[in-house]
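*Asks:* The structure under discussion is supplied below as structure tokens; questions concerning it will follow.
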Amino acid sequence: MTVLLLGASGLIGSHCLSLLLSDDRFDKVIAVVRRPLNISHPKLVQTIVDFDKLDNYAAEIKADAVLSTLGTTIRKAGSSVNFTKVDYEYQLKVAEIAKRNGAKTFILLSSAGANKRSMMLYTKVKGEVEDAISKLGYEKVIILRPSILIGERAESRPGEAVGQWVAKQMSFIFSGPLSKYKGIPADTVASAMINAVQKPYKGVDIVENLDIFEWAKN
Ligand SMILES: NC(=O)c1ccc[n+]([C@@H]2O[C@H](COP(=O)([O-])OP(=O)(O)OC[C@H]3O[C@@H](n4cnc5c(N)ncnc54)[C@H](OP(=O)(O)O)[C@@H]3O)[C@@H](O)[C@H]2O)c1
């Protein structure tokens, strides 16, 4: 099976990449990235693209399954327009091209609270991209909605650091009704995404935060 990975340089994407490369069920991994990854592997093909001109790379956006961990933050993107470009337009464009080229499966990393009717831009855009990709006609679309991600990253994200601290040090808060918001380790999310590729399923499925822990197990 050939898998195309978006976001391979990111926190979740890099975990997905390691799992895919070490798993014999996957013959080839195409990482579509904007700059080269510092890794080489016989199964890995790096496709360096200009995300604003994805149609130019259509022939290379061809795989059995697509995993997307692409995303930015409104702060990092600098504007709501730029945020929407990455989290909506780029992901949808790759999904459209890959579908045209025969992909059957799309695994989308979204977020807890995703809702196209949300008043908050972040959760609204997440909901809109979920909706748009679900309507492309893939045989299988699995959407994961994690709460706060727990993992090391090189860049500083003060808001996320506070969230991670609360998730780890005050985990007792996330019992009972709030348990659905408990922090989730990056490698757990990545394992669930890889298992989702293999899971026999037809249609669109949404996997909420607590269920991601279960999906990661099998
Ligand atoms: N942080 C959380 O707690 C949290 C919670 C729930 C859901 N999520 C969502 O989960 C997903 C993955 O999160 P993550 O923490 O793994 O993300 P991350 O570490 O920030 O990685 C994001 C990936 O997207 C790529 N990317 C960002 N801006 C880009 C652009 N303008 N053009 C091309 N590629 C671009 C990055 O490539 P470069 O390395 O080239 O920048 C990187 O590969 C995101 O969609 C995020 O919204 C996050």
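By order of appearance in the structure tokens: chains A, B, ..., then residues from 1 within every chain, and ligands from 1 in the order shown.
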Within 7 Å of ligand 1 (counting only C-alpha atoms and all ligand atoms), which residues show up? I'd like them as an mmCIF file with C-alpha atoms, in the first residue's frame.
*Replies:*
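Below is the file result19.cif, written as the result:
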data_model
loop_
_atom_site.group_PDB
_atom_site.id
_atom_site.type_symbol
_atom_site.label_atom_id
_atom_site.label_comp_id
_atom_site.auth_asym_id
_atom_site.auth_seq_id
_atom_site.Cartn_x
_atom_site.Cartn_y
_atom_site.Cartn_z
ATOM 1 C CA LEU A 6 0.736 15.653 4.803
ATOM 2 C CA GLY A 7 2.454 17.405 7.711
ATOM 3 C CA ALA A 8 5.344 14.929 8.010
ATOM 4 C CA SER A 9 7.571 17.549 9.681
ATOM 5 C CA GLY A 10 5.055 18.295 12.440
ATOM 6 C CA LEU A 11 4.479 16.859 15.898
ATOM 7 C CA ILE A 12 1.902 14.243 14.897
ATOM 8 C CA GLY A 13 3.139 13.912 11.313
ATOM 9 C CA VAL A 33 6.224 18.859 2.218
ATOM 10 C CA ARG A 34 7.251 22.449 1.544
ATOM 11 C CA ARG A 35 10.900 21.861 2.523
ATOM 12 C CA PHE A 51 1.297 24.552 -1.575
ATOM 13 C CA THR A 69 -1.755 16.144 9.910
ATOM 14 C CA LEU A 70 -1.316 19.522 8.216
ATOM 15 C CA GLY A 71 -2.237 22.573 10.188
ATOM 16 C CA THR A 72 -1.103 25.836 11.686
ATOM 17 C CA THR A 73 -2.279 28.224 14.383
ATOM 18 C CA VAL A 86 -3.431 25.937 5.417
ATOM 19 C CA ASP A 87 -6.138 24.262 7.475
ATOM 20 C CA LEU A 109 -6.519 14.954 11.896
ATOM 21 C CA SER A 110 -9.045 17.542 13.027
ATOM 22 C CA SER A 111 -9.698 18.859 16.527
ATOM 23 C CA ALA A 112 -12.019 18.493 19.498
ATOM 24 C CA ARG A 145 -10.755 14.949 16.952
ATOM 25 C CA PRO A 146 -8.086 15.068 19.656
ATOM 26 C CA SER A 147 -8.120 17.483 22.571
ATOM 27 C CA ILE A 148 -4.814 19.084 23.622
ATOM 28 C CA LEU A 149 -1.808 17.267 22.156
ATOM 29 C CA GLU A 160 -0.389 25.124 24.323
#
*Asks:* How close does each residue of range 85-151 of chain A get to range 193-205 of chain A, giving the shortest atom pair and distance in Å to one decimal for every residue with an atom at most 7 Å away, counting only C-alpha atoms, sorted by chain and residue number, as JSON lines?
*Replies:*
{"residue": "A:Ile107", "atom": "CA", "partner": "A:Met193", "partner_atom": "CA", "distance": 6.7}
{"residue": "A:Ser134", "atom": "CA", "partner": "A:Val204", "partner_atom": "CA", "distance": 6.5}
{"residue": "A:Glu139", "atom": "CA", "partner": "A:Lys202", "partner_atom": "CA", "distance": 5.5}
{"residue": "A:Lys140", "atom": "CA", "partner": "A:Gly203", "partner_atom": "CA", "distance": 4.9}
{"residue": "A:Val141", "atom": "CA", "partner": "A:Val204", "partner_atom": "CA", "distance": 4.7}
{"residue": "A:Ile142", "atom": "CA", "partner": "A:Asp205", "partner_atom": "CA", "distance": 4.9}
{"residue": "A:Ile143", "atom": "CA", "partner": "A:Asp205", "partner_atom": "CA", "distance": 6.2}
*Asks:* Write a file of the selected residues as an mmCIF file, in the first residue's frame, keeping C-alpha atoms.
*Replies:*
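In the end it all went to result25.cif:
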data_model
loop_
_atom_site.group_PDB
_atom_site.id
_atom_site.type_symbol
_atom_site.label_atom_id
_atom_site.label_comp_id
_atom_site.auth_asym_id
_atom_site.auth_seq_id
_atom_site.Cartn_x
_atom_site.Cartn_y
_atom_site.Cartn_z
ATOM 1 C CA ILE A 107 -7.547 10.020 7.423
ATOM 2 C CA SER A 134 -16.330 13.996 3.705
ATOM 3 C CA GLU A 139 -14.691 5.057 0.206
ATOM 4 C CA LYS A 140 -13.455 5.705 3.728
ATOM 5 C CA VAL A 141 -12.952 8.980 5.602
ATOM 6 C CA ILE A 142 -11.897 8.802 9.227
ATOM 7 C CA ILE A 143 -11.726 12.061 11.153
#
*Asks:* Based on the backbone DSSP call, show me all residues of range 33-124 of chain A assigned strand (DSSP E or B), as a list in words.
*Replies:* Val33, Leu44, Val45, Gln46, Thr47, Ile48, Ala65, Val66, Leu67, Ser68, Thr105, Phe106, Ile107, Leu108 and Leu109 of chain A
*Asks:* I need the residues from that last selection saved to file as a PDB file, in the first residue's frame (with C-alpha atoms), if you can.
*Replies:*
ATOM      1  CA  VAL A  33       6.224  18.859   2.218  1.00  0.00           C
ATOM      2  CA  LEU A  44      10.245   7.334   1.596  1.00  0.00           C
ATOM      3  CA  VAL A  45       9.627   9.660  -1.348  1.00  0.00           C
ATOM      4  CA  GLN A  46       9.754  13.342  -0.522  1.00  0.00           C
ATOM      5  CA  THR A  47       7.693  15.533  -2.798  1.00  0.00           C
ATOM      6  CA  ILE A  48       8.638  19.160  -2.249  1.00  0.00           C
ATOM      7  CA  ALA A  65      -4.536   6.372   1.267  1.00  0.00           C
ATOM      8  CA  VAL A  66      -3.898   9.930   2.452  1.00  0.00           C
ATOM      9  CA  LEU A  67      -3.128  10.914   6.039  1.00  0.00           C
ATOM     10  CA  SER A  68      -3.318  14.605   6.829  1.00  0.00           C
ATOM     11  CA  THR A 105      -9.044   6.411   2.050  1.00  0.00           C
ATOM     12  CA  PHE A 106      -8.556   9.762   3.761  1.00  0.00           C
ATOM     13  CA  ILE A 107      -7.547  10.020   7.423  1.00  0.00           C
ATOM     14  CA  LEU A 108      -7.950  13.583   8.675  1.00  0.00           C
ATOM     15  CA  LEU A 109      -6.519  14.954  11.896  1.00  0.00           C
TER      16      LEU A 109
END
*Asks:* Expressed in Å to a single decimal, how great is the separation between CA of Trp215 in chain A and CA of Leu136 in chain A?
*Replies:*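 Going from CA of Trp215 in chain A over to CA of Leu136 in chain A covers 24.1 Å.
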*Asks:* Would you give me, as a Markdown table, each residue of range 120-193 of chain A having an atom within 12 Å of an atom of range 17-25 of chain A, along with its shortest atom pair and that distance in Å to one decimal, using only C-alpha atoms and sorting by chain and residue number?
*Replies:*
| residue | atom | partner | partner_atom | distance |
| --- | --- | --- | --- | --- |
| A:Asp187 | CA | A:Leu19 | CA | 9.3 |
| A:Thr188 | CA | A:Leu19 | CA | 11.2 |
| A:Val189 | CA | A:Leu19 | CA | 11.5 |
| A:Ala190 | CA | A:Leu19 | CA | 7.9 |
| A:Ser191 | CA | A:Leu19 | CA | 7.5 |
| A:Ala192 | CA | A:Leu19 | CA | 10.8 |
| A:Met193 | CA | A:Leu19 | CA | 10.0 |
*Asks:* Just checking: using only C-alpha atoms, which residue out of A:Val125, A:Lys53, A:Asp64, A:Asn38 ends up closest to Val81 in chain A?
*Replies:*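 Comparing A:Val125, A:Lys53, A:Asp64, A:Asn38 against Val81 in chain A, the winner is A:Val125.
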*Asks:* Excluding Thr2 in chain A and any residue of its chain fewer than 6 positions from it, enumerate the residues within 9 Å of it, using only C-alpha atoms, and give them as a VMD selection string.
*Replies:* chain A and resid 26 to 30 62 to 66
*Asks:* For N, CA and C atoms, I'd like the residues from the last selection saved as a PDB file, in the first residue's frame.
*Replies:*
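Final output, selection-v2.pdb:
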ATOM      1  N   PHE A  26       3.052  -1.130   4.765  1.00  0.00           N
ATOM      2  CA  PHE A  26       3.128   0.024   3.859  1.00  0.00           C
ATOM      3  C   PHE A  26       4.400  -0.087   3.019  1.00  0.00           C
ATOM      4  N   ASP A  27       4.216  -0.090   1.681  1.00  0.00           N
ATOM      5  CA  ASP A  27       5.369  -0.267   0.779  1.00  0.00           C
ATOM      6  C   ASP A  27       6.063   1.048   0.479  1.00  0.00           C
ATOM      7  N   LYS A  28       5.254   2.104   0.413  1.00  0.00           N
ATOM      8  CA  LYS A  28       5.822   3.381  -0.024  1.00  0.00           C
ATOM      9  C   LYS A  28       5.125   4.510   0.732  1.00  0.00           C
ATOM     10  N   VAL A  29       5.909   5.499   1.161  1.00  0.00           N
ATOM     11  CA  VAL A  29       5.348   6.653   1.870  1.00  0.00           C
ATOM     12  C   VAL A  29       5.757   7.916   1.108  1.00  0.00           C
ATOM     13  N   ILE A  30       4.753   8.654   0.655  1.00  0.00           N
ATOM     14  CA  ILE A  30       5.035   9.909  -0.055  1.00  0.00           C
ATOM     15  C   ILE A  30       4.769  11.050   0.925  1.00  0.00           C
ATOM     16  N   LYS A  62      -0.533  10.921  -5.583  1.00  0.00           N
ATOM     17  CA  LYS A  62      -1.191   9.682  -6.013  1.00  0.00           C
ATOM     18  C   LYS A  62      -0.840   8.587  -5.004  1.00  0.00           C
ATOM     19  N   ALA A  63      -1.853   8.062  -4.347  1.00  0.00           N
ATOM     20  CA  ALA A  63      -1.607   7.037  -3.321  1.00  0.00           C
ATOM     21  C   ALA A  63      -2.903   6.284  -3.059  1.00  0.00           C
ATOM     22  N   ASP A  64      -2.803   5.177  -2.323  1.00  0.00           N
ATOM     23  CA  ASP A  64      -4.011   4.440  -1.935  1.00  0.00           C
ATOM     24  C   ASP A  64      -4.742   5.164  -0.798  1.00  0.00           C
ATOM     25  N   ALA A  65      -3.944   5.708   0.097  1.00  0.00           N
ATOM     26  CA  ALA A  65      -4.536   6.372   1.267  1.00  0.00           C
ATOM     27  C   ALA A  65      -3.785   7.662   1.560  1.00  0.00           C
ATOM     28  N   VAL A  66      -4.509   8.652   2.076  1.00  0.00           N
ATOM     29  CA  VAL A  66      -3.898   9.930   2.452  1.00  0.00           C
ATOM     30  C   VAL A  66      -4.103  10.128   3.951  1.00  0.00           C
TER      31      VAL A  66
END
